[in-house]
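Structure data (CSV, C-alpha atoms) from target-v5.csv:
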chain,number,residue,atom,x,y,z
A,1,MET,CA,95.3,89.9,82.0
A,2,TYR,CA,93.8,87.9,85.0
A,3,LYS,CA,91.0,85.5,84.9
A,4,ARG,CA,90.9,84.4,88.6
A,5,VAL,CA,92.4,86.1,91.6
A,6,LEU,CA,92.5,85.8,95.4
A,7,LEU,CA,91.9,89.1,97.0
A,8,LYS,CA,93.3,89.6,100.5
A,9,LEU,CA,91.8,92.3,102.6
A,10,SER,CA,92.7,93.3,106.2
A,11,GLY,CA,90.0,93.3,108.8
A,12,GLU,CA,90.9,96.9,109.6
A,13,SER,CA,90.0,98.0,106.1
A,14,LEU,CA,86.3,97.1,106.8
A,15,GLY,CA,86.5,99.3,109.9
A,16,GLY,CA,86.9,102.5,107.9
A,17,PRO,CA,89.1,105.3,109.2
A,18,ALA,CA,88.9,104.0,112.8
A,19,GLY,CA,89.9,100.5,111.8
A,20,LYS,CA,87.5,99.0,114.3
A,21,GLY,CA,84.2,97.2,113.9
A,22,ILE,CA,82.4,97.3,110.6
A,23,ASP,CA,81.9,100.6,108.8
A,24,GLU,CA,78.8,100.1,106.5
A,25,LYS,CA,79.9,102.8,104.1
A,26,TRP,CA,83.3,101.1,103.5
A,27,LEU,CA,81.7,97.7,103.4
A,28,GLU,CA,79.4,99.0,100.6
A,29,ARG,CA,82.4,100.6,98.8
A,30,TYR,CA,84.4,97.4,98.7
A,31,ALA,CA,81.3,95.5,97.6
A,32,VAL,CA,80.7,97.8,94.6
A,33,GLU,CA,84.4,97.4,93.6
A,34,ILE,CA,84.3,93.6,93.8
A,35,ALA,CA,80.9,93.3,92.1
A,36,ASP,CA,82.0,95.6,89.2
A,37,ALA,CA,85.1,93.4,88.7
A,38,VAL,CA,83.0,90.2,88.7
A,39,LYS,CA,80.5,91.6,86.3
A,40,ALA,CA,83.4,92.5,84.0
A,41,GLY,CA,84.5,88.8,83.9
A,42,LEU,CA,86.9,88.4,86.9
A,43,GLN,CA,86.6,85.3,89.1
A,44,VAL,CA,87.2,86.4,92.7
A,45,GLY,CA,88.0,84.5,95.9
A,46,ILE,CA,88.4,86.6,99.1
A,47,VAL,CA,90.2,86.2,102.4
A,48,ILE,CA,89.6,88.8,105.0
A,49,GLY,CA,91.5,89.3,108.3
A,50,GLY,CA,89.8,89.9,111.6
A,51,GLY,CA,91.9,92.6,113.2
A,52,ASN,CA,89.0,95.1,113.3
A,53,ILE,CA,87.2,92.8,115.8
A,54,PHE,CA,89.9,90.7,117.5
A,55,ARG,CA,93.6,89.8,116.9
A,56,GLY,CA,95.0,86.7,118.6
A,57,LEU,CA,98.5,88.1,119.1
A,58,GLN,CA,97.1,91.3,120.9
A,59,GLY,CA,95.1,89.0,123.2
A,60,VAL,CA,98.3,87.2,124.3
A,61,GLY,CA,99.6,90.4,125.9
A,62,LYS,CA,96.4,90.7,127.9
A,63,GLY,CA,96.4,87.2,129.3
A,64,PHE,CA,94.8,85.2,126.5
A,65,ASP,CA,96.2,81.8,125.6
A,66,ARG,CA,97.6,82.0,122.0
A,67,VAL,CA,95.7,79.0,120.7
A,68,ASN,CA,92.3,80.3,122.0
A,69,GLY,CA,93.2,83.8,121.0
A,70,ASP,CA,93.8,82.7,117.4
A,71,LYS,CA,90.5,80.8,117.5
A,72,MET,CA,88.7,84.0,118.4
A,73,GLY,CA,90.5,85.7,115.6
A,74,MET,CA,89.3,83.1,113.2
A,75,LEU,CA,85.7,83.7,114.2
A,76,ALA,CA,86.2,87.4,113.6
A,77,THR,CA,87.1,86.6,110.0
A,78,VAL,CA,83.9,84.7,109.6
A,79,ILE,CA,81.9,87.8,110.9
A,80,ASN,CA,83.7,90.0,108.4
A,81,SER,CA,83.1,87.6,105.5
A,82,LEU,CA,79.4,87.2,106.3
A,83,GLY,CA,79.1,91.0,106.3
A,84,LEU,CA,80.9,91.5,103.0
A,85,ALA,CA,79.0,88.6,101.4
A,86,MET,CA,75.7,90.3,102.2
A,87,ALA,CA,77.0,93.6,100.8
A,88,ILE,CA,78.2,91.9,97.6
A,89,ARG,CA,74.8,90.2,97.1
A,90,SER,CA,73.1,93.6,97.5
A,91,GLN,CA,75.1,94.6,94.3
A,92,GLY,CA,73.5,91.8,92.3
A,93,VAL,CA,76.4,89.3,92.5
A,94,GLU,CA,76.1,86.0,94.3
A,95,ALA,CA,78.5,85.4,97.2
A,96,GLU,CA,79.1,82.3,99.3
A,97,VAL,CA,81.0,82.1,102.6
A,98,PHE,CA,83.2,79.1,103.2
A,99,THR,CA,85.0,78.3,106.5
A,100,ALA,CA,88.2,76.3,107.2
A,101,THR,CA,86.4,74.4,110.0
A,102,PRO,CA,82.8,73.1,109.9
A,103,MET,CA,80.3,75.9,110.9
A,104,GLN,CA,77.0,74.8,109.3
A,105,PRO,CA,74.5,76.4,109.0
A,106,ILE,CA,76.4,79.6,109.4
A,107,ALA,CA,78.6,78.9,106.4
A,108,ARG,CA,79.7,76.1,104.1
A,109,TYR,CA,82.7,74.0,105.0
A,110,TYR,CA,85.5,74.9,102.6
A,111,MET,CA,86.2,72.4,99.8
A,112,ARG,CA,88.4,73.7,97.0
A,113,ASP,CA,86.2,72.4,94.2
A,114,ASP,CA,83.0,74.0,95.7
A,115,ALA,CA,84.7,77.4,96.0
A,116,VAL,CA,86.0,77.2,92.4
A,117,ARG,CA,82.5,76.2,91.2
A,118,VAL,CA,81.0,79.3,92.8
A,119,MET,CA,83.5,81.5,91.1
A,120,GLU,CA,83.1,79.8,87.7
A,121,ASN,CA,79.4,80.4,88.0
A,122,GLY,CA,79.9,84.2,88.4
A,123,GLY,CA,79.8,84.3,92.2
A,124,VAL,CA,82.3,85.3,94.9
A,125,ALA,CA,83.8,82.8,97.2
A,126,LEU,CA,84.8,84.2,100.6
A,127,ILE,CA,87.0,81.8,102.4
A,128,ALA,CA,87.1,82.5,106.2
A,129,GLY,CA,88.7,81.1,109.3
A,130,GLY,CA,92.3,81.4,108.1
A,131,THR,CA,93.9,78.0,107.6
A,132,GLY,CA,91.8,76.5,110.5
A,133,ASN,CA,94.9,76.3,112.7
A,134,PRO,CA,96.4,78.6,115.3
A,135,PHE,CA,99.8,80.3,114.7
A,136,PHE,CA,99.0,81.1,111.1
A,137,THR,CA,98.0,84.5,109.9
A,138,THR,CA,95.3,85.3,107.4
A,139,ASP,CA,98.2,86.3,105.0
A,140,SER,CA,99.2,82.6,105.2
A,141,GLY,CA,95.6,81.6,104.7
A,142,ALA,CA,95.4,83.8,101.6
A,143,ALA,CA,98.6,82.4,100.1
A,144,LEU,CA,97.4,78.9,100.7
A,145,ARG,CA,93.9,79.5,99.2
A,146,ALA,CA,95.4,81.3,96.2
A,147,LEU,CA,97.5,78.3,95.4
A,148,GLU,CA,94.6,75.9,96.0
A,149,ILE,CA,92.2,77.6,93.7
A,150,LYS,CA,94.9,78.1,91.0
A,151,ALA,CA,94.6,81.9,91.0
A,152,ASP,CA,96.5,83.9,88.5
A,153,ALA,CA,97.6,86.2,91.2
A,154,LEU,CA,97.2,87.1,94.9
A,155,LEU,CA,96.0,90.7,95.2
A,156,LYS,CA,96.8,92.3,98.6
A,157,GLY,CA,94.5,95.3,99.0
A,158,THR,CA,96.0,97.9,101.3
A,159,ARG,CA,95.8,101.6,102.0
A,160,VAL,CA,99.0,102.4,100.1
A,161,ASP,CA,99.5,102.1,96.4
A,162,GLY,CA,102.3,99.5,96.4
A,163,VAL,CA,105.6,98.4,98.0
A,164,TYR,CA,108.1,101.1,98.9
A,165,THR,CA,111.7,101.1,100.0
A,166,ALA,CA,110.4,102.3,103.4
A,167,ASP,CA,107.0,103.0,105.0
A,168,PRO,CA,105.7,105.9,102.9
A,169,GLU,CA,103.5,107.1,105.7
A,170,LYS,CA,106.6,107.6,107.9
A,171,ASP,CA,109.4,108.3,105.4
A,172,PRO,CA,108.7,111.1,102.7
A,173,ASN,CA,111.8,109.9,100.8
A,174,ALA,CA,110.4,106.4,100.3
A,175,VAL,CA,110.5,105.2,96.7
A,176,LYS,CA,107.8,102.9,95.2
A,177,TYR,CA,108.7,99.8,93.3
A,178,ASP,CA,106.6,99.1,90.1
A,179,GLU,CA,107.7,95.5,90.3
A,180,LEU,CA,110.4,93.4,92.1
A,181,SER,CA,111.4,89.8,92.5
A,182,PHE,CA,110.7,87.6,95.5
A,183,ASP,CA,114.5,87.4,96.1
A,184,LYS,CA,114.8,91.3,96.1
A,185,ALA,CA,111.9,91.7,98.5
A,186,LEU,CA,113.4,89.1,100.8
A,187,SER,CA,117.0,90.5,100.7
A,188,ASP,CA,115.8,94.1,101.3
A,189,HIS,CA,113.5,93.0,104.1
A,190,LEU,CA,110.5,94.5,102.4
A,191,LYS,CA,107.3,93.8,104.3
A,192,VAL,CA,105.1,92.5,101.5
A,193,MET,CA,103.5,89.7,103.5
A,194,ASP,CA,104.5,87.7,106.6
A,195,GLN,CA,107.3,85.3,106.0
A,196,THR,CA,105.3,82.1,105.9
A,197,ALA,CA,102.9,83.6,103.4
A,198,PHE,CA,105.7,85.0,101.3
A,199,ALA,CA,107.5,81.7,101.3
A,200,LEU,CA,104.4,79.9,100.1
A,201,CYS,CA,103.9,82.3,97.2
A,202,SER,CA,107.6,82.2,96.3
A,203,GLU,CA,107.8,78.4,96.2
A,204,GLY,CA,104.5,78.1,94.5
A,205,ASN,CA,105.3,80.9,91.9
A,206,MET,CA,102.2,82.8,92.9
A,207,PRO,CA,102.6,86.5,91.8
A,208,ILE,CA,101.6,89.1,94.5
A,209,ILE,CA,100.2,92.5,93.6
A,210,VAL,CA,100.1,95.0,96.4
A,211,PHE,CA,97.8,97.8,95.6
A,212,ASP,CA,95.5,100.5,97.0
A,213,MET,CA,92.1,99.0,97.4
A,214,ASN,CA,90.7,102.4,98.5
A,215,CYS,CA,91.3,103.8,95.0
A,216,SER,CA,88.0,103.4,93.1
A,217,GLY,CA,88.2,101.2,90.1
A,218,ASN,CA,91.6,99.6,90.8
A,219,LEU,CA,90.2,96.0,90.6
A,220,THR,CA,88.7,96.6,87.2
A,221,ARG,CA,91.9,98.3,86.0
A,222,LEU,CA,93.9,95.2,87.0
A,223,LEU,CA,91.4,93.1,85.0
A,224,ARG,CA,92.1,95.2,81.9
A,225,GLY,CA,95.8,94.6,82.3
A,226,GLU,CA,96.7,98.1,83.5
A,227,LYS,CA,99.7,98.5,85.8
A,228,VAL,CA,98.3,99.0,89.3
A,229,GLY,CA,100.4,98.8,92.5
A,230,THR,CA,103.5,96.7,92.8
A,231,LEU,CA,104.0,93.3,91.2
A,232,VAL,CA,106.1,90.8,93.1
A,233,HIS,CA,107.1,87.7,91.1
A,234,LYS,CA,109.9,85.3,90.3
Encoding of this model in structure tokens:
Amino acid sequence: MYKRVLLKLSGESLGGPAGKGIDEKWLERYAVEIADAVKAGLQVGIVIGGGNIFRGLQGVGKGFDRVNGDKMGMLATVINSLGLAMAIRSQGVEAEVFTATPMQPIARYYMRDDAVRVMENGGVALIAGGTGNPFFTTDSGAALRALEIKADALLKGTRVDGVYTADPEKDPNAVKYDELSFDKALSDHLKVMDQTAFALCSEGNMPIIVFDMNCSGNLTRLLRGEKVGTLVHK
């Protein structure tokens, strides 16, 4: 069903149950999932958050300047991307880290065509550093990169299995949507992604699939066309 996707992961997901630092077991688990999907024929680009290491907005409340705090957050995404890239390579799949601002020799400066070439050659392109600008989240970065690489869908891997009428971890009566429109998600104030990212996807007609990344095999199921998570579309 999908040939090329942009996978968005939170930084906290790499931190395991604690959501902090990098948990090697969870890093390997994600690497296996991603490598299996690539071996099955899926082209994968990845954007990872940095909240397990540092989040710019949290720093503001502790005296950090927002611009410099966001720069620190961008660097955190690079650390996460380097770690996941190494884990993916250990599964026999090539992985290349690109950054929104020049950071040679740590990683390659992001150029759309270079990232696409890596994916077309059977590797994974990890695009770090957000948009390269403060005041934009990694959700916005993921939406932007998904549109740039002409992905078939933006996959948002979370710890819940889709979008609900309310937070399922807090409301036992919350009902899951199998699919919904951008307009419905907006009118019902459903927190699919932040507003800037959501607007980019809506205007660019980029489908969003919110799914449980912690459920083994979900990426491969999506590749086979199975219904996984919640599809948000026009």
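Residue nearest Gly92 in chain A, chosen from A:Gly132, A:Ile34, A:His233, A:Val118 and counting all atoms listed in the file: A:Ile34.
Distances from A:Gly50, A:Gly63, A:Pro172, A:Gly217 to Ala76 in chain A were compared using all atoms listed in the file, and the smallest one belongs to A:Gly50.
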>> Taking 4 positions as the minimum chain separation for residues in the same chain, which residues sit within 12 Å of range 160-168 of chain A when counting only C-alpha atoms? Answer as a VMD selection string.
In response: chain A and resid 13 155 to 156 172 to 181 184 to 185 187 to 193 208 to 215 218 227 to 232
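For the pair CA of Leu6 in chain A and CA of Leu154 in chain A, the interatomic distance is 4.9 Å.
Compared by their closest atoms to Arg108 in chain A, and using only C-alpha atoms, the residues A:Asn121, A:Phe136, A:Ala85, A:Ile127 rank with A:Ile127 nearest.
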>> If I take CA of Pro17 in chain A and CA of Met72 in chain A, how far is one from the other in Å, to one decimal?
In response: 23.2 Å
>> Residues within 12 Å of (72.6, 89.1, 97.1), file coordinates, counting all atoms listed in the file: what are they? Give the list as a list in words.
In response: Ala31, Ala35, Leu82, Gly83, Leu84, Ala85, Met86, Ala87, Ile88, Arg89, Ser90, Gln91, Gly92, Val93, Glu94, Ala95, Glu96, Gly123 and Val124 of chain A
Using all atoms listed in the file, which residues sit within 12 Å of Asn133 in chain A once same-chain residues fewer than 2 positions away are excluded, as a short mmCIF file (atom, residue, chain, number, x, y, z; two decimals) with C-alpha atoms, in the coordinates of the input?
data_model
loop_
_atom_site.label_atom_id
_atom_site.label_comp_id
_atom_site.auth_asym_id
_atom_site.auth_seq_id
_atom_site.Cartn_x
_atom_site.Cartn_y
_atom_site.Cartn_z
CA GLY A 56 95.00 86.70 118.60
CA ARG A 66 97.60 82.00 122.00
CA VAL A 67 95.70 79.00 120.70
CA ASN A 68 92.30 80.30 122.00
CA GLY A 69 93.20 83.80 121.00
CA ASP A 70 93.80 82.70 117.40
CA LYS A 71 90.50 80.80 117.50
CA MET A 72 88.70 84.00 118.40
CA GLY A 73 90.50 85.70 115.60
CA MET A 74 89.30 83.10 113.20
CA LEU A 75 85.70 83.70 114.20
CA THR A 99 85.00 78.30 106.50
CA ALA A 100 88.20 76.30 107.20
CA THR A 101 86.40 74.40 110.00
CA ALA A 128 87.10 82.50 106.20
CA GLY A 129 88.70 81.10 109.30
CA GLY A 130 92.30 81.40 108.10
CA THR A 131 93.90 78.00 107.60
CA PHE A 135 99.80 80.30 114.70
CA PHE A 136 99.00 81.10 111.10
CA THR A 137 98.00 84.50 109.90
CA THR A 138 95.30 85.30 107.40
CA SER A 140 99.20 82.60 105.20
CA GLY A 141 95.60 81.60 104.70
#
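Among the candidates A:Leu9, A:Val44, A:Ile79, A:Ile149, the one nearest to Gly21 in chain A when counting only C-alpha atoms is A:Ile79.
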